[in-house]
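Here the structure is laid out as structure tokens; the discussion comes afterwards.
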Amino acid sequence: MNSKLLQSLSALAAAAILLLSACTLSEKTNDTDRDALTVSAWNGYDAFWALASGTYPDIKVTLASYAGANRTGYSWVQMRADDIPDIFITSQILDEELARERLVDLSGYEFINDFSTAILDQVAIDGGVYLLPVSNSLYGIYYNKTLMEENNWEVPADFADLEALCAQIEKAGMTPGLIGTQLTGNAFSAVFNLAKTDWFTTPEGINWERDFLSGAASAAGQWEETMDYVQKYIDIGMFHTDPKDRNNPELILDEMGNRRAMFCTMVLAVNITELPNGDKLGLMPYIGRDGSKNIYMYNPSSYIGISSRLMEPGNEEKLEKAVQLLSLLYSSEGQAAFISDQTPCVLSVLDSASVPEDALLYDAQQALRQGRAFPMTYAHWEDVLSDIGQAYKEWFRGENGMDGPACIARMDELQRGALGNRESLYFCESTDDFTLEQTAVLVGKALGSAAGTDAVLVPVGSFYKEGTELKSSITGRLYAGKINSEVAMTLTPSYDGEYAIAEMTGSQVKELVQMGFGREGDGEPLPYLLVTRENQELEEDQTYRVAFLMGGYTEQTAQTYGLWTKPGSLRAFLRDWLEEQKTVSPDGNPWR
């Protein structure tokens with residue numbers, strides 16, 4: 001997955017089968033249990049697990065921890081390695097064929113009956129359903145609802161209405177519309193979403209997307225009318241960019257909150273319905289030319305499925321328990337666990353769910369039921385999405401001579417380049433599957449080599465644990481196979497950008513290893529894994545230079561041993577080291 005894309009789109013938590021939780025959903029232990037279901041530990045599920053623990057106290061669950069830098073990517077790395085938990089959770093369906101191979105077809109279970117046909121059609125793979133959305137975030141164009149009502153303006157029904165309204169807004173001294181451009185994924189989505197008001201969601205568009213991504217079709221000859229329509233949005237003032245490239249929340253709060261702009265187009269699930277000045281937020285669809293296909297976008301908070309491993313003889317009881325948990329999740333009570341006052345853009349996936357008419361998402365929910373809401377374009381575009389979005393951003397800004405035809409040419413150029421260079425993206429290969437500890441050693445060697453130290457202390461996230469420590473530790477394994485930037489990023493912690501060095505005696509290092517890494521009162525510490533140059537045994541009284549991962553130490557440790565921080569990206573260190581090694585194995589690649 002392109003690292004620039006990962007900066008453009010938010011990723012959700014993913015899974016890794018480690019040594020983890022407990023005898024019930026609400027308890028934690030370091031003892032594994034053969035009867036326990038392994039389940040991906042995922043952001044936003046806490047309320048549901050609490051509900052499940054009370055509803056099914058006899059179901060034992062082991063929560064599988066991952067808090068690395070590429071959460072979605074790691075879930076699919078595990079899928080490719082056939083090492084997924086019993087209940088698999090991810091944020092994107094990146095490989096439909098692999099999902100069909102590794103997961104249970106859920107289409108025959110009763111809990112699927114309360115899904116709308118529109119949602120099921122979006123996730124169906126050759127007639128089967130292997131990953132179901134857990135809840136949906138809905139996206140459209142935000143607007144100042146209070147200001148619209150004060151001026152007796154109505155939400156436009158078609159482009160002619162929108163054009164007339166933008167002229168009135170400009171006459172009132174306001175900017176008609178802003179588009180978030182700090183992340184180029186916003187610009188990419190804006191153009192693609194307008195294409196979905198026309199041809200992109202038709203069989204013609206679906207076939208073109210498949211062919212384009214495989215190299216059998218081009219944007220030229222297909223996108224011209226869409227680009228003409230985007231130009232109309234630009235001309236009427238809907239796509240003004242922010243010269244400061246502020247983040248999306250700040251843009252809404254400042255420009256809309258201070259009544260300087262009416263509309264904001266961006267990929268953002270807001271956690272507010274009211275601006276600081278008391279004005280109410282509204283959400284309207286992307287407006288098509290004649291209004292016959294005004295659409296919203298949706299993006300599941302996550303997808304969930306059951307490992308096909310549970311279909312094997314001897315796993316009947318586990319499969320029954322997994323189905324019980326999914327049945328609870330897709331009940332009204334289960335869906336309510338994912339929705340609160342802080343999630344006004346999140347919608348239950350159940351067709352029976354109701355939304356008040358004055359709710360921010362009311363019209364979007366109606367659109368979803370009527371088939372006028374479509375999934376965000378993301379999967380399979382990872383290699384080019386960010387760069388295509390950059391071309392669109394330059395177009396909106398009038399920079400570098402970019403316009404609609406130039407953007408079409410750029411789309412073709414980028415996709416040809418991505419397809420032609422796909423094999424060259426791999427810079428190393430792992431000969432075997434690594435354990436978590438062996439992966440931590442690998443990362444430690446990369447940091448120690450770059451930092452020029454004698455030793456590295458690496459926290460290992462070997463059990464499920466909330467808090468910052470897990471995000472400072474190694475929680476993902478390296479599997480056998482080719483390694484590109486996506487795979488390498490799955491191995492590094494969430495935190496990146498600096499590291500620390502200390503001068504410590506051998507006895508001090510060993511004492512710290514024995515103590516582990518964890519803040520006082522924060523529960524059981526994570527273990528430190530000691531990695532030394534040439535696997536040397538540290539002498540008790542000799543002084544050594546020791547490196548620590550960013551955030552991989554406590555304030556007390558920093559003060560006690562006089563740690564000093566240095567700028568430097570662990571992700572870059574690891575990539576460079578892996579590229580230098582060419583191949584890696586659990587017992588090879590000595591650090592000299």
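Within each chain, counting starts at residue 1; across the structure tokens, chains are named A, B, ... in the order shown, with ligands numbered 1 upward in that order.
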
message: List as a ChimeraX atom specification the protein and nucleic acid residues near range 549-558 of chain A, meaning an atom at most 6 Å away when only C-alpha atoms are counted, but skip any in the same chain fewer than 2 places from it.
response: /A:472,498-499,560-563

Closest atom pairs, range 78-102 of chain A residues within 12 Å of range 38-54 of chain A, only C-alpha atoms, as a Markdown table:
| residue | atom | partner | partner_atom | distance |
| --- | --- | --- | --- | --- |
| A:Gln78 | CA | A:Ser40 | CA | 11.4 |
| A:Asp83 | CA | A:Thr38 | CA | 11.0 |
| A:Ile84 | CA | A:Ser40 | CA | 8.5 |
| A:Pro85 | CA | A:Thr38 | CA | 5.0 |
| A:Asp86 | CA | A:Thr38 | CA | 5.1 |
| A:Ile87 | CA | A:Val39 | CA | 4.8 |
| A:Phe88 | CA | A:Ser40 | CA | 5.9 |
| A:Ile89 | CA | A:Ser40 | CA | 5.8 |
| A:Thr90 | CA | A:Trp42 | CA | 8.5 |
| A:Ser91 | CA | A:Trp42 | CA | 9.8 |

field: Exercise: Leu442 in chain A partners within 12 Å, only C-alpha atoms, chain neighbours under 5 positions left out, as a VMD selection string
entry: chain A and resid 430 434 to 437 447 to 449 456 458 474 476 to 478 488 491 to 492 529 to 533 570 573 to 575 577 to 578 581 583 to 591

Please save N, CA and C atoms of the selected residues as an mmCIF file, in the first residue's frame.
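See out.cif below for the written result:
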data_model
loop_
_atom_site.group_PDB
_atom_site.id
_atom_site.type_symbol
_atom_site.label_atom_id
_atom_site.label_comp_id
_atom_site.auth_asym_id
_atom_site.auth_seq_id
_atom_site.Cartn_x
_atom_site.Cartn_y
_atom_site.Cartn_z
ATOM 1 N N SER A 430 11.739 -12.637 2.485
ATOM 2 C CA SER A 430 11.881 -13.444 3.701
ATOM 3 C C SER A 430 11.789 -14.917 3.316
ATOM 4 N N PHE A 434 8.591 -15.599 10.438
ATOM 5 C CA PHE A 434 9.245 -15.173 11.671
ATOM 6 C C PHE A 434 8.241 -15.246 12.825
ATOM 7 N N THR A 435 8.723 -15.550 14.028
ATOM 8 C CA THR A 435 7.898 -15.349 15.209
ATOM 9 C C THR A 435 7.869 -13.851 15.523
ATOM 10 N N LEU A 436 7.035 -13.464 16.467
ATOM 11 C CA LEU A 436 6.993 -12.063 16.871
ATOM 12 C C LEU A 436 8.344 -11.624 17.430
ATOM 13 N N GLU A 437 8.946 -12.471 18.274
ATOM 14 C CA GLU A 437 10.236 -12.117 18.856
ATOM 15 C C GLU A 437 11.328 -12.027 17.791
ATOM 16 N N LEU A 447 17.540 -0.785 13.490
ATOM 17 C CA LEU A 447 17.723 0.441 14.257
ATOM 18 C C LEU A 447 19.154 0.552 14.766
ATOM 19 N N GLY A 448 19.668 -0.536 15.311
ATOM 20 C CA GLY A 448 21.029 -0.497 15.842
ATOM 21 C C GLY A 448 22.059 -0.184 14.775
ATOM 22 N N SER A 449 21.885 -0.757 13.569
ATOM 23 C CA SER A 449 22.817 -0.491 12.472
ATOM 24 C C SER A 449 22.786 0.975 12.073
ATOM 25 N N VAL A 456 20.108 -2.653 21.330
ATOM 26 C CA VAL A 456 18.792 -2.034 21.182
ATOM 27 C C VAL A 456 17.830 -2.749 22.130
ATOM 28 N N VAL A 458 13.960 -3.439 22.546
ATOM 29 C CA VAL A 458 12.746 -3.384 21.744
ATOM 30 C C VAL A 458 11.560 -3.909 22.561
ATOM 31 N N ILE A 474 6.710 -3.686 19.029
ATOM 32 C CA ILE A 474 6.570 -4.524 17.840
ATOM 33 C C ILE A 474 5.403 -5.470 18.072
ATOM 34 N N GLY A 476 3.643 -6.877 15.051
ATOM 35 C CA GLY A 476 3.371 -7.592 13.810
ATOM 36 C C GLY A 476 4.513 -8.509 13.418
ATOM 37 N N ARG A 477 4.181 -9.661 12.859
ATOM 38 C CA ARG A 477 5.172 -10.643 12.435
ATOM 39 C C ARG A 477 5.521 -10.468 10.957
ATOM 40 N N LEU A 478 6.725 -10.897 10.610
ATOM 41 C CA LEU A 478 7.129 -10.989 9.207
ATOM 42 C C LEU A 478 6.894 -12.419 8.744
ATOM 43 N N ALA A 488 6.895 -3.978 4.824
ATOM 44 C CA ALA A 488 7.850 -3.470 5.799
ATOM 45 C C ALA A 488 7.174 -2.569 6.819
ATOM 46 N N LEU A 491 5.550 -3.959 10.029
ATOM 47 C CA LEU A 491 6.405 -4.443 11.111
ATOM 48 C C LEU A 491 6.757 -3.367 12.123
ATOM 49 N N THR A 492 6.573 -2.103 11.766
ATOM 50 C CA THR A 492 7.028 -1.014 12.623
ATOM 51 C C THR A 492 5.884 -0.471 13.469
ATOM 52 N N LEU A 529 12.937 -6.880 24.603
ATOM 53 C CA LEU A 529 13.808 -7.843 23.958
ATOM 54 C C LEU A 529 15.139 -7.155 23.692
ATOM 55 N N LEU A 530 16.211 -7.748 24.168
ATOM 56 C CA LEU A 530 17.544 -7.173 24.010
ATOM 57 C C LEU A 530 18.194 -7.712 22.738
ATOM 58 N N VAL A 531 18.575 -6.800 21.852
ATOM 59 C CA VAL A 531 19.265 -7.146 20.611
ATOM 60 C C VAL A 531 20.654 -6.519 20.678
ATOM 61 N N THR A 532 21.706 -7.327 20.511
ATOM 62 C CA THR A 532 23.068 -6.802 20.611
ATOM 63 C C THR A 532 23.845 -7.054 19.321
ATOM 64 N N ARG A 533 24.816 -6.189 19.088
ATOM 65 C CA ARG A 533 25.694 -6.334 17.922
ATOM 66 C C ARG A 533 26.487 -7.637 18.055
ATOM 67 N N LEU A 570 12.317 5.069 11.905
ATOM 68 C CA LEU A 570 12.535 3.632 11.989
ATOM 69 C C LEU A 570 12.068 2.944 10.712
ATOM 70 N N PHE A 573 14.779 3.368 8.259
ATOM 71 C CA PHE A 573 15.923 2.530 8.643
ATOM 72 C C PHE A 573 15.665 1.073 8.256
ATOM 73 N N LEU A 574 14.460 0.599 8.556
ATOM 74 C CA LEU A 574 14.145 -0.801 8.281
ATOM 75 C C LEU A 574 14.124 -1.070 6.781
ATOM 76 N N ARG A 575 13.526 -0.160 6.024
ATOM 77 C CA ARG A 575 13.475 -0.372 4.582
ATOM 78 C C ARG A 575 14.878 -0.427 3.999
ATOM 79 N N TRP A 577 17.683 -1.143 5.483
ATOM 80 C CA TRP A 577 18.407 -2.326 5.952
ATOM 81 C C TRP A 577 17.936 -3.576 5.217
ATOM 82 N N LEU A 578 16.628 -3.710 5.029
ATOM 83 C CA LEU A 578 16.100 -4.861 4.309
ATOM 84 C C LEU A 578 16.576 -4.871 2.856
ATOM 85 N N GLN A 581 20.022 -6.149 2.748
ATOM 86 C CA GLN A 581 20.150 -7.589 3.035
ATOM 87 C C GLN A 581 19.744 -8.453 1.842
ATOM 88 N N THR A 583 17.825 -10.775 1.239
ATOM 89 C CA THR A 583 17.008 -11.838 1.810
ATOM 90 C C THR A 583 17.211 -11.849 3.319
ATOM 91 N N VAL A 584 16.163 -12.248 4.048
ATOM 92 C CA VAL A 584 16.275 -12.338 5.508
ATOM 93 C C VAL A 584 15.690 -13.656 5.961
ATOM 94 N N SER A 585 16.221 -14.165 7.059
ATOM 95 C CA SER A 585 15.736 -15.400 7.651
ATOM 96 C C SER A 585 15.839 -15.274 9.166
ATOM 97 N N PRO A 586 15.083 -16.043 9.909
ATOM 98 C CA PRO A 586 15.095 -15.908 11.368
ATOM 99 C C PRO A 586 16.471 -16.107 11.995
ATOM 100 N N ASP A 587 17.289 -16.962 11.427
ATOM 101 C CA ASP A 587 18.595 -17.253 12.018
ATOM 102 C C ASP A 587 19.752 -16.565 11.295
ATOM 103 N N GLY A 588 19.434 -15.769 10.264
ATOM 104 C CA GLY A 588 20.501 -15.159 9.480
ATOM 105 C C GLY A 588 20.657 -13.679 9.728
ATOM 106 N N ASN A 589 21.372 -13.019 8.823
ATOM 107 C CA ASN A 589 21.531 -11.568 8.831
ATOM 108 C C ASN A 589 22.146 -11.031 10.120
ATOM 109 N N PRO A 590 23.381 -11.455 10.411
ATOM 110 C CA PRO A 590 24.020 -10.967 11.651
ATOM 111 C C PRO A 590 24.230 -9.461 11.610
ATOM 112 N N TRP A 591 24.158 -8.851 12.771
ATOM 113 C CA TRP A 591 24.400 -7.412 12.913
ATOM 114 C C TRP A 591 25.841 -7.229 13.363
#

- prompt: What is the CA of Ile119 in chain A-CA of Glu225 in chain A distance in Å, reported with one decimal?
  reply: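 Going from CA of Ile119 in chain A over to CA of Glu225 in chain A, I get 28.2 Å.
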
Go through range 253-291 of chain A and flag each residue having an atom no more than 12 Å from range 346-352 of chain A; for those, report the closest pair of atoms plus their distance in Å to one decimal, using only C-alpha atoms, ordered by chain and rising number, as a tab-separated table.
residue	atom	partner	partner_atom	distance
A:Leu268	CA	A:Val346	CA	11.2
A:Ala269	CA	A:Val346	CA	7.7
A:Val270	CA	A:Val346	CA	9.4
A:Asn271	CA	A:Val346	CA	9.4
A:Ile272	CA	A:Val346	CA	11.7

Polymer residues at most 7 Å from range 182-186 of chain A, only C-alpha atoms, same-chain spacing of 5 or more positions, as number ranges by chain: A: 8-9, 245-247, 266-267, 385-386, 389-390, 393

task: Give me every strand (DSSP E) residue in range 173-250 of chain A, going by DSSP on the backbone, as a PyMOL selection string.
output: chain A and resi 175-179+240-241

field: Atom pair CA of Ser75 in chain A / CA of Gln122 in chain A: separation (Å)
entry: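 CA of Gln122 in chain A lies 20.5 Å from CA of Ser75 in chain A.
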
Interface rows for range 191-216 of chain A against range 285-296 of chain A: nearest pair, Å to one decimal, 10 Å, only C-alpha atoms, as CSV:
residue,atom,partner,partner_atom,distance
A:Asn193,CA,A:Tyr286,CA,7.2
A:Leu194,CA,A:Tyr286,CA,6.6
A:Ala195,CA,A:Gly288,CA,8.9
A:Lys196,CA,A:Ile295,CA,7.6
A:Thr197,CA,A:Gly288,CA,5.1
A:Asp198,CA,A:Gly288,CA,7.0

field: Within 10 Å of Ala451 in chain A using only C-alpha atoms, minus same-chain residues under 4 positions, as a list in words
entry: Lys445, Ala446, Leu447, Ala455, Val456, Tyr499, Ala500, Ile501, Arg545, Val546, Ala547, Phe548, Lys566, Gly568 and Phe573 of chain A

Take the residues from that selection and write them out as a JSON list (two decimals), in the first residue's frame, keeping all heavy atoms.
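The result, stored in out.json:
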[["chain", "number", "residue", "atom", "x", "y", "z"],
["A", 445, "LYS", "N", 17.91, -4.92, 14.82],
["A", 445, "LYS", "CA", 19.14, -4.87, 14.02],
["A", 445, "LYS", "C", 19.14, -3.66, 13.10],
["A", 445, "LYS", "O", 20.17, -2.99, 12.94],
["A", 445, "LYS", "CB", 19.29, -6.15, 13.20],
["A", 445, "LYS", "CG", 19.59, -7.40, 14.00],
["A", 445, "LYS", "CD", 19.62, -8.62, 13.08],
["A", 445, "LYS", "CE", 19.88, -9.91, 13.84],
["A", 445, "LYS", "NZ", 19.85, -11.10, 12.94],
["A", 446, "ALA", "N", 18.00, -3.39, 12.48],
["A", 446, "ALA", "CA", 17.91, -2.26, 11.57],
["A", 446, "ALA", "C", 18.15, -0.95, 12.30],
["A", 446, "ALA", "O", 18.87, -0.06, 11.82],
["A", 446, "ALA", "CB", 16.55, -2.25, 10.88],
["A", 447, "LEU", "N", 17.54, -0.79, 13.49],
["A", 447, "LEU", "CA", 17.72, 0.44, 14.26],
["A", 447, "LEU", "C", 19.15, 0.55, 14.77],
["A", 447, "LEU", "O", 19.79, 1.61, 14.66],
["A", 447, "LEU", "CB", 16.74, 0.48, 15.43],
["A", 447, "LEU", "CG", 16.90, 1.67, 16.39],
["A", 447, "LEU", "CD1", 16.79, 2.99, 15.66],
["A", 447, "LEU", "CD2", 15.88, 1.58, 17.52],
["A", 455, "ALA", "N", 23.65, -1.94, 21.30],
["A", 455, "ALA", "CA", 22.49, -2.75, 21.66],
["A", 455, "ALA", "C", 21.21, -1.95, 21.41],
["A", 455, "ALA", "O", 21.24, -0.72, 21.31],
["A", 455, "ALA", "CB", 22.57, -3.19, 23.12],
["A", 456, "VAL", "N", 20.11, -2.65, 21.33],
["A", 456, "VAL", "CA", 18.79, -2.03, 21.18],
["A", 456, "VAL", "C", 17.83, -2.75, 22.13],
["A", 456, "VAL", "O", 17.86, -3.98, 22.23],
["A", 456, "VAL", "CB", 18.26, -2.15, 19.74],
["A", 456, "VAL", "CG1", 16.89, -1.48, 19.62],
["A", 456, "VAL", "CG2", 19.24, -1.53, 18.75],
["A", 499, "TYR", "N", 14.22, 8.46, 17.62],
["A", 499, "TYR", "CA", 14.59, 7.36, 18.50],
["A", 499, "TYR", "C", 15.45, 7.95, 19.62],
["A", 499, "TYR", "O", 15.73, 9.16, 19.62],
["A", 499, "TYR", "CB", 15.34, 6.26, 17.74],
["A", 499, "TYR", "CG", 16.64, 6.72, 17.10],
["A", 499, "TYR", "CD1", 17.87, 6.50, 17.71],
["A", 499, "TYR", "CD2", 16.64, 7.36, 15.85],
["A", 499, "TYR", "CE1", 19.06, 6.92, 17.12],
["A", 499, "TYR", "CE2", 17.82, 7.78, 15.26],
["A", 499, "TYR", "CZ", 19.02, 7.56, 15.90],
["A", 499, "TYR", "OH", 20.19, 7.99, 15.32],
["A", 500, "ALA", "N", 15.83, 7.12, 20.58],
["A", 500, "ALA", "CA", 16.60, 7.63, 21.72],
["A", 500, "ALA", "C", 17.82, 6.76, 21.94],
["A", 500, "ALA", "O", 17.84, 5.57, 21.59],
["A", 500, "ALA", "CB", 15.74, 7.68, 22.97],
["A", 501, "ILE", "N", 18.84, 7.36, 22.55],
["A", 501, "ILE", "CA", 20.08, 6.66, 22.87],
["A", 501, "ILE", "C", 20.44, 6.94, 24.32],
["A", 501, "ILE", "O", 20.21, 8.04, 24.84],
["A", 501, "ILE", "CB", 21.23, 7.10, 21.94],
["A", 501, "ILE", "CG1", 20.94, 6.66, 20.50],
["A", 501, "ILE", "CG2", 22.57, 6.55, 22.41],
["A", 501, "ILE", "CD1", 22.00, 7.07, 19.51],
["A", 545, "ARG", "N", 26.41, 1.83, 24.33],
["A", 545, "ARG", "CA", 25.40, 2.73, 23.74],
["A", 545, "ARG", "C", 24.19, 1.89, 23.37],
["A", 545, "ARG", "O", 24.30, 0.93, 22.61],
["A", 545, "ARG", "CB", 25.96, 3.43, 22.50],
["A", 545, "ARG", "CG", 26.95, 4.55, 22.81],
["A", 545, "ARG", "CD", 27.67, 5.03, 21.55],
["A", 545, "ARG", "NE", 26.75, 5.49, 20.52],
["A", 545, "ARG", "CZ", 26.30, 6.74, 20.42],
["A", 545, "ARG", "NH1", 26.68, 7.65, 21.30],
["A", 545, "ARG", "NH2", 25.49, 7.09, 19.43],
["A", 546, "VAL", "N", 23.03, 2.30, 23.90],
["A", 546, "VAL", "CA", 21.80, 1.52, 23.73],
["A", 546, "VAL", "C", 20.73, 2.39, 23.06],
["A", 546, "VAL", "O", 20.50, 3.53, 23.47],
["A", 546, "VAL", "CB", 21.27, 1.00, 25.09],
["A", 546, "VAL", "CG1", 20.03, 0.14, 24.88],
["A", 546, "VAL", "CG2", 22.36, 0.22, 25.81],
["A", 547, "ALA", "N", 20.09, 1.86, 22.03],
["A", 547, "ALA", "CA", 19.04, 2.59, 21.32],
["A", 547, "ALA", "C", 17.66, 2.11, 21.77],
["A", 547, "ALA", "O", 17.47, 0.94, 22.11],
["A", 547, "ALA", "CB", 19.18, 2.40, 19.81],
["A", 548, "PHE", "N", 16.71, 3.04, 21.76],
["A", 548, "PHE", "CA", 15.31, 2.76, 22.10],
["A", 548, "PHE", "C", 14.42, 3.25, 20.96],
["A", 548, "PHE", "O", 14.69, 4.29, 20.34],
["A", 548, "PHE", "CB", 14.90, 3.49, 23.38],
["A", 548, "PHE", "CG", 15.57, 3.01, 24.63],
["A", 548, "PHE", "CD1", 16.87, 3.43, 24.95],
["A", 548, "PHE", "CD2", 14.92, 2.15, 25.50],
["A", 548, "PHE", "CE1", 17.49, 2.99, 26.10],
["A", 548, "PHE", "CE2", 15.53, 1.71, 26.66],
["A", 548, "PHE", "CZ", 16.83, 2.13, 26.97],
["A", 566, "LYS", "N", 16.99, 11.55, 19.06],
["A", 566, "LYS", "CA", 17.57, 11.93, 17.78],
["A", 566, "LYS", "C", 16.51, 11.76, 16.70],
["A", 566, "LYS", "O", 15.71, 10.82, 16.75],
["A", 566, "LYS", "CB", 18.79, 11.06, 17.46],
["A", 566, "LYS", "CG", 19.91, 11.14, 18.49],
["A", 566, "LYS", "CD", 21.16, 10.44, 18.00],
["A", 566, "LYS", "CE", 21.79, 11.17, 16.84],
["A", 566, "LYS", "NZ", 23.10, 10.59, 16.45],
["A", 568, "GLY", "N", 14.95, 10.61, 13.24],
["A", 568, "GLY", "CA", 15.22, 9.49, 12.35],
["A", 568, "GLY", "C", 14.04, 8.56, 12.29],
["A", 568, "GLY", "O", 13.42, 8.26, 13.31],
["A", 573, "PHE", "N", 14.78, 3.37, 8.26],
["A", 573, "PHE", "CA", 15.92, 2.53, 8.64],
["A", 573, "PHE", "C", 15.66, 1.07, 8.26],
["A", 573, "PHE", "O", 16.53, 0.40, 7.71],
["A", 573, "PHE", "CB", 16.16, 2.60, 10.16],
["A", 573, "PHE", "CG", 16.60, 3.95, 10.66],
["A", 573, "PHE", "CD1", 16.43, 4.28, 12.00],
["A", 573, "PHE", "CD2", 17.18, 4.89, 9.82],
["A", 573, "PHE", "CE1", 16.84, 5.52, 12.49],
["A", 573, "PHE", "CE2", 17.59, 6.13, 10.29],
["A", 573, "PHE", "CZ", 17.41, 6.44, 11.63]]

- request: Check range 235-401 of chain A with DSSP on the backbone and list each residue it calls alpha helix (DSSP H), as an MDAnalysis selection string.
  value: chainID A and resid 235 248:251 316:329 332:336 362:369 385:397

Which of A:Tyr109, A:Phe338, A:Trp223, A:Phe517 sits closest to Phe200 in chain A [using only C-alpha atoms]: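 Counting only C-alpha atoms, the residue closest to Phe200 in chain A is A:Trp223.
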
message: Just the number, please: distance in Å from CA of Asp496 in chain A to CA of His380 in chain A, one decimal.
response: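 Distance reported for this atom pair: 26.3 Å.
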